[in-house]
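Source file: start-v2.csv (CSV, C-alpha atoms)
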```csv
chain,number,residue,atom,x,y,z
A,1,MET,CA,30.0,-13.9,-4.2
A,2,ALA,CA,28.4,-17.3,-3.6
A,3,THR,CA,24.8,-18.2,-4.5
A,4,PHE,CA,24.8,-21.7,-6.0
A,5,PHE,CA,21.3,-20.9,-7.5
A,6,GLY,CA,22.6,-21.2,-11.0
A,7,GLU,CA,23.7,-17.6,-11.7
A,8,VAL,CA,27.0,-16.9,-13.4
A,9,VAL,CA,28.7,-14.0,-11.7
A,10,VAL,CA,31.2,-12.3,-14.0
A,11,ALA,CA,34.3,-10.8,-12.4
A,12,THR,CA,35.5,-7.3,-13.3
A,13,SER,CA,38.3,-7.1,-15.8
A,14,ARG,CA,40.9,-4.5,-16.7
A,15,ALA,CA,41.3,-5.9,-20.2
A,16,GLY,CA,39.9,-2.7,-21.7
A,17,VAL,CA,42.2,-0.3,-19.9
A,18,ASP,CA,43.4,2.4,-22.3
A,19,ASP,CA,47.0,1.8,-23.4
A,20,GLU,CA,47.9,5.5,-22.9
A,21,GLU,CA,46.8,5.2,-19.3
A,22,SER,CA,49.1,2.3,-18.8
A,23,ALA,CA,51.9,4.1,-20.5
A,24,GLU,CA,51.6,7.0,-18.1
A,25,GLU,CA,52.5,4.9,-15.1
A,26,THR,CA,56.0,5.9,-14.0
A,27,LEU,CA,58.7,3.8,-12.5
A,28,GLU,CA,57.9,5.3,-9.2
A,29,ASP,CA,54.2,4.4,-9.5
A,30,ARG,CA,55.1,0.8,-10.3
A,31,GLU,CA,57.5,0.7,-7.3
A,32,ILE,CA,54.8,2.1,-5.0
A,33,ARG,CA,52.3,-0.4,-6.3
A,34,ARG,CA,54.7,-3.3,-5.8
A,35,GLU,CA,55.4,-2.1,-2.2
A,36,LEU,CA,51.6,-2.0,-1.5
A,37,GLU,CA,51.1,-5.4,-3.0
A,38,LYS,CA,53.9,-6.8,-0.8
A,39,LYS,CA,52.5,-5.1,2.3
A,40,ARG,CA,49.1,-6.6,1.6
A,41,GLU,CA,50.4,-10.2,1.5
A,42,ILE,CA,49.0,-12.5,4.1
A,43,ASP,CA,51.1,-14.7,6.3
A,44,VAL,CA,49.6,-17.8,8.0
A,45,LEU,CA,51.8,-18.9,10.8
A,46,TRP,CA,51.5,-22.4,12.4
A,47,THR,CA,53.2,-23.9,15.4
A,48,LEU,CA,55.7,-26.8,14.5
A,49,LYS,CA,53.3,-29.2,16.3
A,50,VAL,CA,50.7,-28.6,13.6
A,51,ALA,CA,52.4,-27.9,10.4
A,52,ALA,CA,55.7,-28.9,8.8
A,53,PRO,CA,58.3,-26.3,7.8
A,54,ALA,CA,57.2,-24.2,4.8
A,55,GLU,CA,59.4,-26.0,2.4
A,56,SER,CA,57.8,-29.3,3.1
A,57,ALA,CA,54.3,-28.2,4.0
A,58,ALA,CA,52.9,-29.1,0.6
A,59,ASP,CA,54.2,-32.7,1.1
A,60,GLU,CA,52.9,-33.1,4.6
A,61,PRO,CA,49.5,-31.3,4.9
A,62,ILE,CA,47.6,-31.1,8.2
A,63,SER,CA,45.1,-33.9,8.8
A,64,CYS,CA,41.8,-32.2,9.4
A,65,SER,CA,38.4,-33.8,9.8
A,66,LYS,CA,36.4,-30.7,11.0
A,67,PHE,CA,37.2,-27.1,10.3
A,68,ILE,CA,35.0,-24.5,12.0
A,69,VAL,CA,35.4,-20.9,10.9
A,70,ALA,CA,33.7,-18.0,12.8
A,71,ILE,CA,33.9,-14.8,10.8
A,72,GLY,CA,33.1,-11.5,12.6
A,73,HIS,CA,32.9,-10.5,16.3
A,74,ASN,CA,29.5,-12.0,17.1
A,75,ALA,CA,30.3,-15.4,15.5
A,76,ALA,CA,33.7,-15.5,17.2
A,77,ALA,CA,32.1,-14.6,20.6
A,78,PHE,CA,29.7,-17.5,20.2
A,79,LEU,CA,32.5,-20.0,19.8
A,80,SER,CA,34.4,-18.4,22.8
A,81,SER,CA,31.3,-18.7,24.9
A,82,PHE,CA,29.9,-22.1,24.0
A,83,ILE,CA,32.8,-24.1,22.4
A,84,LEU,CA,36.2,-22.9,23.3
A,85,ASP,CA,37.7,-24.1,26.6
A,86,SER,CA,41.2,-23.2,27.7
A,87,VAL,CA,41.7,-26.8,28.9
A,88,CYS,CA,40.3,-28.5,25.7
A,89,TRP,CA,41.7,-26.2,23.0
A,90,GLU,CA,45.2,-24.9,22.2
A,91,VAL,CA,46.1,-21.9,20.0
A,92,VAL,CA,48.2,-23.3,17.1
A,93,GLY,CA,48.3,-20.6,14.5
A,94,ALA,CA,47.6,-17.0,13.5
A,95,VAL,CA,47.1,-14.9,10.4
A,96,LYS,CA,49.1,-11.7,9.9
A,97,LEU,CA,47.6,-9.2,7.5
A,98,TRP,CA,47.4,-5.5,6.7
A,99,ASN,CA,44.7,-3.5,4.9
A,100,GLU,CA,42.6,-0.4,5.3
A,101,TRP,CA,40.7,-1.8,8.3
A,102,CYS,CA,43.1,-4.2,9.9
A,103,ARG,CA,46.6,-3.7,11.2
A,104,THR,CA,48.2,-6.8,12.8
A,105,SER,CA,51.6,-7.0,14.3
A,106,ASN,CA,54.9,-7.0,12.3
A,107,THR,CA,56.5,-9.1,15.0
A,108,THR,CA,58.1,-12.4,14.0
A,109,ASN,CA,56.5,-14.3,16.8
A,110,ILE,CA,54.5,-17.3,15.8
A,111,LEU,CA,51.4,-16.0,17.5
A,112,PRO,CA,51.1,-12.2,17.4
A,113,THR,CA,49.3,-11.0,20.5
A,114,ASP,CA,47.3,-8.5,18.5
A,115,SER,CA,46.2,-10.9,15.8
A,116,PHE,CA,42.4,-11.1,15.3
A,117,CYS,CA,42.6,-14.3,13.3
A,118,LEU,CA,43.6,-17.3,15.4
A,119,PHE,CA,43.5,-21.1,14.9
A,120,TYR,CA,42.8,-23.6,17.7
A,121,GLN,CA,43.2,-27.3,17.9
A,122,LEU,CA,41.2,-29.7,20.0
A,123,THR,CA,43.6,-31.4,22.3
A,124,SER,CA,41.6,-34.7,22.5
A,125,ASP,CA,41.3,-34.8,18.7
A,126,PRO,CA,44.0,-32.9,16.8
A,127,THR,CA,42.1,-33.3,13.5
A,128,VAL,CA,39.5,-30.8,14.7
A,129,LEU,CA,40.5,-27.2,14.0
A,130,LEU,CA,38.7,-24.0,14.8
A,131,CYS,CA,39.3,-20.5,13.4
A,132,GLN,CA,38.2,-17.2,15.0
A,133,CYS,CA,38.5,-14.4,12.4
A,134,SER,CA,37.4,-11.1,13.8
A,135,CYS,CA,39.4,-9.0,11.4
A,136,TYR,CA,38.5,-7.7,8.0
A,137,VAL,CA,40.0,-9.6,5.0
A,138,ALA,CA,39.9,-7.3,2.0
A,139,GLU,CA,38.6,-8.6,-1.4
A,140,ASP,CA,42.0,-8.7,-2.9
A,141,GLN,CA,43.3,-10.7,0.1
A,142,GLN,CA,40.6,-13.4,0.2
A,143,PHE,CA,42.2,-15.7,-2.4
A,144,GLN,CA,45.5,-15.5,-0.5
A,145,TRP,CA,43.7,-16.4,2.8
A,146,LEU,CA,42.0,-19.4,1.2
A,147,GLU,CA,45.2,-20.7,-0.5
A,148,LYS,CA,47.4,-20.3,2.5
A,149,VAL,CA,44.9,-21.7,5.1
A,150,PHE,CA,43.4,-24.6,3.0
A,151,GLY,CA,46.7,-25.2,1.3
A,152,CYS,CA,48.0,-26.6,4.5
A,153,MET,CA,45.2,-29.0,5.0
A,154,ARG,CA,44.5,-32.5,3.6
A,155,LYS,CA,41.1,-32.1,1.8
A,156,GLU,CA,40.1,-35.8,1.9
A,157,GLY,CA,37.6,-36.3,4.7
A,158,LEU,CA,37.4,-32.6,5.5
A,159,GLN,CA,34.1,-31.0,6.5
A,160,VAL,CA,33.8,-27.2,7.0
A,161,THR,CA,31.3,-25.2,9.0
A,162,ILE,CA,31.2,-21.4,8.6
A,163,LEU,CA,29.5,-18.9,11.0
A,164,SER,CA,29.0,-15.3,10.1
A,165,THR,CA,26.7,-12.3,10.6
A,166,CYS,CA,25.2,-9.9,8.1
A,167,PRO,CA,23.1,-6.7,8.3
A,168,LEU,CA,19.3,-7.4,8.2
A,169,ALA,CA,19.0,-4.7,5.5
A,170,ASP,CA,20.9,-7.1,3.1
A,171,TYR,CA,18.2,-9.7,3.4
A,172,LYS,CA,15.9,-9.7,0.3
A,173,THR,CA,12.3,-10.6,0.9
A,174,GLN,CA,8.9,-9.6,-0.5
A,175,GLU,CA,7.7,-8.8,3.0
A,176,SER,CA,8.9,-5.9,5.1
A,177,THR,CA,12.1,-6.5,7.1
A,178,LEU,CA,10.4,-4.6,9.9
A,179,THR,CA,8.2,-7.6,10.6
A,180,LEU,CA,11.0,-10.1,10.6
A,181,PRO,CA,12.0,-11.6,14.0
A,182,SER,CA,15.6,-10.4,14.0
A,183,PRO,CA,18.1,-11.9,14.5
A,184,PHE,CA,17.6,-15.1,12.5
A,185,LEU,CA,19.7,-17.8,10.8
A,186,LYS,CA,19.8,-18.9,7.2
A,187,ALA,CA,22.0,-21.7,5.7
A,188,LEU,CA,23.8,-22.1,2.4
A,189,LYS,CA,25.7,-25.4,1.6
A,190,THR,CA,27.8,-27.1,-1.0
A,191,LYS,CA,26.5,-30.0,-3.1
A,192,GLU,CA,28.6,-32.4,-1.1
A,193,PHE,CA,27.1,-31.4,2.3
A,194,LYS,CA,24.5,-34.1,3.0
A,195,GLU,CA,23.7,-33.6,6.7
A,196,PRO,CA,20.5,-31.9,7.9
A,197,VAL,CA,20.9,-28.1,8.4
A,198,CYS,CA,19.8,-26.4,11.6
A,199,CYS,CA,17.8,-23.6,10.0
A,200,PRO,CA,16.0,-22.8,6.8
A,201,LEU,CA,18.1,-22.5,3.6
A,202,LEU,CA,18.8,-19.1,2.2
A,203,GLU,CA,16.2,-18.2,-0.5
A,204,GLN,CA,16.8,-16.6,-3.9
A,205,PRO,CA,17.7,-14.0,-4.8
A,206,ASN,CA,19.8,-13.6,-1.7
A,207,ILE,CA,23.6,-13.9,-1.9
A,208,VAL,CA,26.5,-14.0,0.6
A,209,ARG,CA,29.6,-11.8,0.3
A,210,ASP,CA,33.2,-11.3,1.5
A,211,LEU,CA,35.2,-14.0,3.3
A,212,PRO,CA,32.2,-16.3,4.1
A,213,ALA,CA,31.3,-16.4,0.4
A,214,ALA,CA,34.9,-17.0,-0.5
A,215,VAL,CA,35.3,-20.0,1.9
A,216,LEU,CA,32.0,-21.6,0.7
A,217,SER,CA,32.9,-21.1,-2.9
A,218,TYR,CA,36.4,-22.6,-2.4
A,219,CYS,CA,34.7,-25.6,-0.8
A,220,GLN,CA,32.3,-25.9,-3.7
A,221,VAL,CA,35.1,-25.9,-6.2
A,222,TRP,CA,37.2,-28.5,-4.3
A,223,GLN,CA,34.1,-30.6,-3.6
A,224,ILE,CA,34.4,-30.2,0.2
A,225,PRO,CA,31.3,-30.7,2.3
A,226,ALA,CA,30.6,-27.3,3.8
A,227,VAL,CA,27.7,-25.3,5.3
A,228,LEU,CA,27.5,-21.6,6.0
A,229,TYR,CA,25.2,-20.4,8.8
A,230,GLN,CA,24.6,-16.7,8.4
A,231,CYS,CA,22.9,-14.7,11.1
A,232,TYR,CA,20.9,-11.7,9.9
A,233,THR,CA,20.8,-9.0,12.6
A,234,ASP,CA,20.0,-5.3,13.0
A,235,VAL,CA,22.7,-4.8,15.6
A,236,ILE,CA,26.2,-4.1,14.3
A,237,LYS,CA,28.1,-4.2,17.6
A,238,LEU,CA,28.8,-7.2,19.9
A,239,ASP,CA,25.3,-8.2,21.1
A,240,THR,CA,24.0,-11.0,23.4
A,241,VAL,CA,20.8,-11.6,21.3
A,242,THR,CA,22.8,-12.0,18.1
A,243,ILE,CA,25.4,-14.3,19.7
A,244,GLU,CA,22.7,-16.5,21.1
A,245,ALA,CA,20.9,-16.7,17.7
A,246,PHE,CA,23.7,-19.3,16.8
A,247,LYS,CA,22.6,-21.6,19.7
A,248,PRO,CA,20.5,-23.9,17.4
A,249,LEU,CA,23.9,-25.0,15.9
A,250,LEU,CA,24.9,-26.6,19.2
A,251,SER,CA,22.7,-29.5,18.3
A,252,SER,CA,24.4,-30.0,14.9
A,253,LYS,CA,26.5,-33.1,14.4
A,254,ILE,CA,29.7,-31.2,14.0
A,255,LEU,CA,29.3,-29.0,17.2
A,256,LYS,CA,27.3,-31.3,19.4
A,257,GLY,CA,30.3,-33.1,20.9
A,258,LEU,CA,32.2,-29.9,21.4
A,259,VAL,CA,29.7,-28.0,23.6
A,260,LYS,CA,30.9,-27.1,27.1
A,261,ASP,CA,28.8,-26.5,30.2
A,262,ILE,CA,26.0,-24.1,29.2
A,263,SER,CA,25.9,-22.4,32.6
A,264,GLU,CA,29.6,-21.7,32.4
A,265,SER,CA,29.1,-20.5,28.8
A,266,THR,CA,26.6,-17.9,30.0
A,267,LYS,CA,29.1,-16.5,32.5
A,268,ILE,CA,31.8,-16.3,29.8
A,269,LEU,CA,29.4,-14.5,27.5
A,270,LYS,CA,28.5,-11.9,30.1
A,271,LYS,CA,32.2,-11.4,30.8
A,272,LEU,CA,33.0,-11.0,27.1
A,273,LEU,CA,30.3,-8.3,26.7
A,274,THR,CA,31.4,-6.5,29.8
A,275,THR,CA,35.0,-6.4,28.7
A,276,ASN,CA,33.9,-5.2,25.2
A,277,GLU,CA,31.8,-2.4,26.8
A,278,THR,CA,34.6,-1.3,29.0
A,279,HIS,CA,37.0,-1.3,26.0
A,280,ASN,CA,34.6,0.8,23.9
A,281,ASN,CA,34.1,3.3,26.7
A,282,ILE,CA,37.8,3.9,27.0
A,283,TYR,CA,37.9,5.0,23.3
A,284,ILE,CA,34.8,7.2,23.3
```
Show this structure as structure tokens.
Amino acid sequence: MATFFGEVVVATSRAGVDDEESAEETLEDREIRRELEKKREIDVLWTLKVAAPAESAADEPISCSKFIVAIGHNAAAFLSSFILDSVCWEVVGAVKLWNEWCRTSNTTNILPTDSFCLFYQLTSDPTVLLCQCSCYVAEDQQFQWLEKVFGCMRKEGLQVTILSTCPLADYKTQESTLTLPSPFLKALKTKEFKEPVCCPLLEQPNIVRDLPAAVLSYCQVWQIPAVLYQCYTDVIKLDTVTIEAFKPLLSSKILKGLVKDISESTKILKKLLTTNETHNNIYI
């Protein structure tokens, strides 16, 4: 969890596990555990145009000046509607992972068609990368995700922007959440991020969780300028109002030059929501 308010968050430990309990683990139990750990390994696949082969990736990291990460369906839909353009952006990578809430393909293709975590590269400036992560990354997989994604990038000159959503019920305030104008944005940034933010900063004692927190914490440790824009909303599903709550970010320095035609964006947003509604009705 990331707060940067000065608290020390102590991780859980198994140091006190009873020796007898460990001794009871059979060979079969250990084999099952190893198989599960192997199955939960994350694979980040890049096209050859972006990354060098695995054996030399460490010697030739990707040059990246801007990395924009949208986590969750609404944040990803915002980028699809207002930033991504099939002419200007090219899919260059994907994440394959398996956990309780996510099943991506076992195919060996570089870009699994059913992957919900894709990377895009700006054709006019290959140093600008964008990630749409609509899948759930489990707590025990987040470190892998960070190491394998950021491990391929050159950290000098890198700036990271993270977009995510969070239930309004998670927002801690002295006033009633019923009176809050939901949805709304809050920002949390690393010490190295010096640019103005597009919304109020997240107040104490609020914290952020899961992959957004992991990405921001990683940037804090590696002294990478990064900002997280978290949208608090009372709507769980894909929602027009929640998506449009991110619109103030279009005037930010990192996104301003990437915005496509707004009228066209509105059409794409309506199409996305219609497609999602149709998909949901099929499975009801």
(message) Let me make sure I understand: among A:Lys194, A:Lys172, A:Lys38, A:Arg154, which one has the smallest atom-to-atom distance to Asn99 in chain A if we use all atoms listed in the file?
(response) A:Lys38
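In this structure, CA of Cys152 in chain A sits 16.6 Å away from CA of Gln223 in chain A.
What separates CA of Val197 in chain A from CA of Pro248 in chain A is a distance of 9.9 Å.
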(message) Just to confirm, what's the straight-line distance from CA of Lys247 in chain A to CA of Glu203 in chain A in Å (one decimal)?
(response) 21.5 Å
(request) Using all atoms listed in the file, find the one residue out of A:Tyr232, A:Phe184, A:Phe143, A:Phe82 that sits nearest to Val208 in chain A. (result) A:Tyr232
Counting all atoms listed in the file, which residues in range 95-203 of chain A sit no more than 6 Å from range 63-79 of chain A? For each one, give the nearest pair of atoms and the distance in Å, sorted by chain then residue number, as CSV.
```
residue,atom,partner,partner_atom,distance
A:Thr127,CA,A:Cys64,CA,4.3
A:Val128,CA,A:Lys66,CA,4.8
A:Leu129,CA,A:Phe67,CA,5.0
A:Leu130,CA,A:Ile68,CA,4.7
A:Cys131,CA,A:Val69,CA,4.6
A:Gln132,CA,A:Ala70,CA,5.1
A:Cys133,CA,A:Ile71,CA,4.9
A:Ser134,CA,A:Gly72,CA,4.5
A:Arg154,CA,A:Ser63,CA,5.4
A:Gly157,CA,A:Ser65,CA,5.7
A:Leu158,CA,A:Ser65,CA,4.6
A:Gln159,CA,A:Lys66,CA,5.1
A:Val160,CA,A:Phe67,CA,4.7
A:Thr161,CA,A:Ile68,CA,4.8
A:Ile162,CA,A:Val69,CA,4.8
A:Leu163,CA,A:Ala70,CA,4.7
A:Ser164,CA,A:Ile71,CA,5.0
```
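Distances to Arg40 in chain A were evaluated for A:Trp222, A:Lys96, A:Leu255, A:Ser217 using only C-alpha atoms, and the minimum falls at A:Lys96.
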Residues proximal to (46.7, -18.7, 16.8) were defined as those with any atom within 6 Å of that point in the file's coordinates, counting all atoms listed in the file. Which are they, as an mmCIF file with C-alpha atoms, in the coordinates of the input?
```cif
data_model
loop_
_atom_site.group_PDB
_atom_site.id
_atom_site.type_symbol
_atom_site.label_atom_id
_atom_site.label_comp_id
_atom_site.auth_asym_id
_atom_site.auth_seq_id
_atom_site.Cartn_x
_atom_site.Cartn_y
_atom_site.Cartn_z
ATOM 1 C CA VAL A 91 46.100 -21.900 20.000
ATOM 2 C CA VAL A 92 48.200 -23.300 17.100
ATOM 3 C CA GLY A 93 48.300 -20.600 14.500
ATOM 4 C CA ALA A 94 47.600 -17.000 13.500
ATOM 5 C CA LEU A 111 51.400 -16.000 17.500
ATOM 6 C CA LEU A 118 43.600 -17.300 15.400
ATOM 7 C CA PHE A 119 43.500 -21.100 14.900
#
```
(message) Would you pick out the contacts of Val137 in chain A at 9 Å or less, using all atoms listed in the file, so that residues sharing its chain but fewer than 2 positions from it are not included, and give the list as a list in words?
(response) Leu97, Trp98, Asn99, Trp101, Cys102, Cys133, Cys135, Glu139, Asp140, Gln141, Gln142, Trp145, Asp210 and Leu211 of chain A
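Ranking A:Cys199, A:Val259, A:Cys88, A:Val95 by their shortest atom-to-atom distance to Trp46 in chain A, with all atoms listed in the file included, puts A:Val95 first.
You can rank A:Glu28, A:Glu147, A:Asp234, A:Glu90 by their closest distance to Gln121 in chain A using all atoms listed in the file, and at the top of that list sits A:Glu90.
When only C-alpha atoms are used to compute distances to Lys155 in chain A, the closest of the residues A:Ala213, A:Pro200, A:Cys219, A:Thr242 turns out to be A:Cys219.
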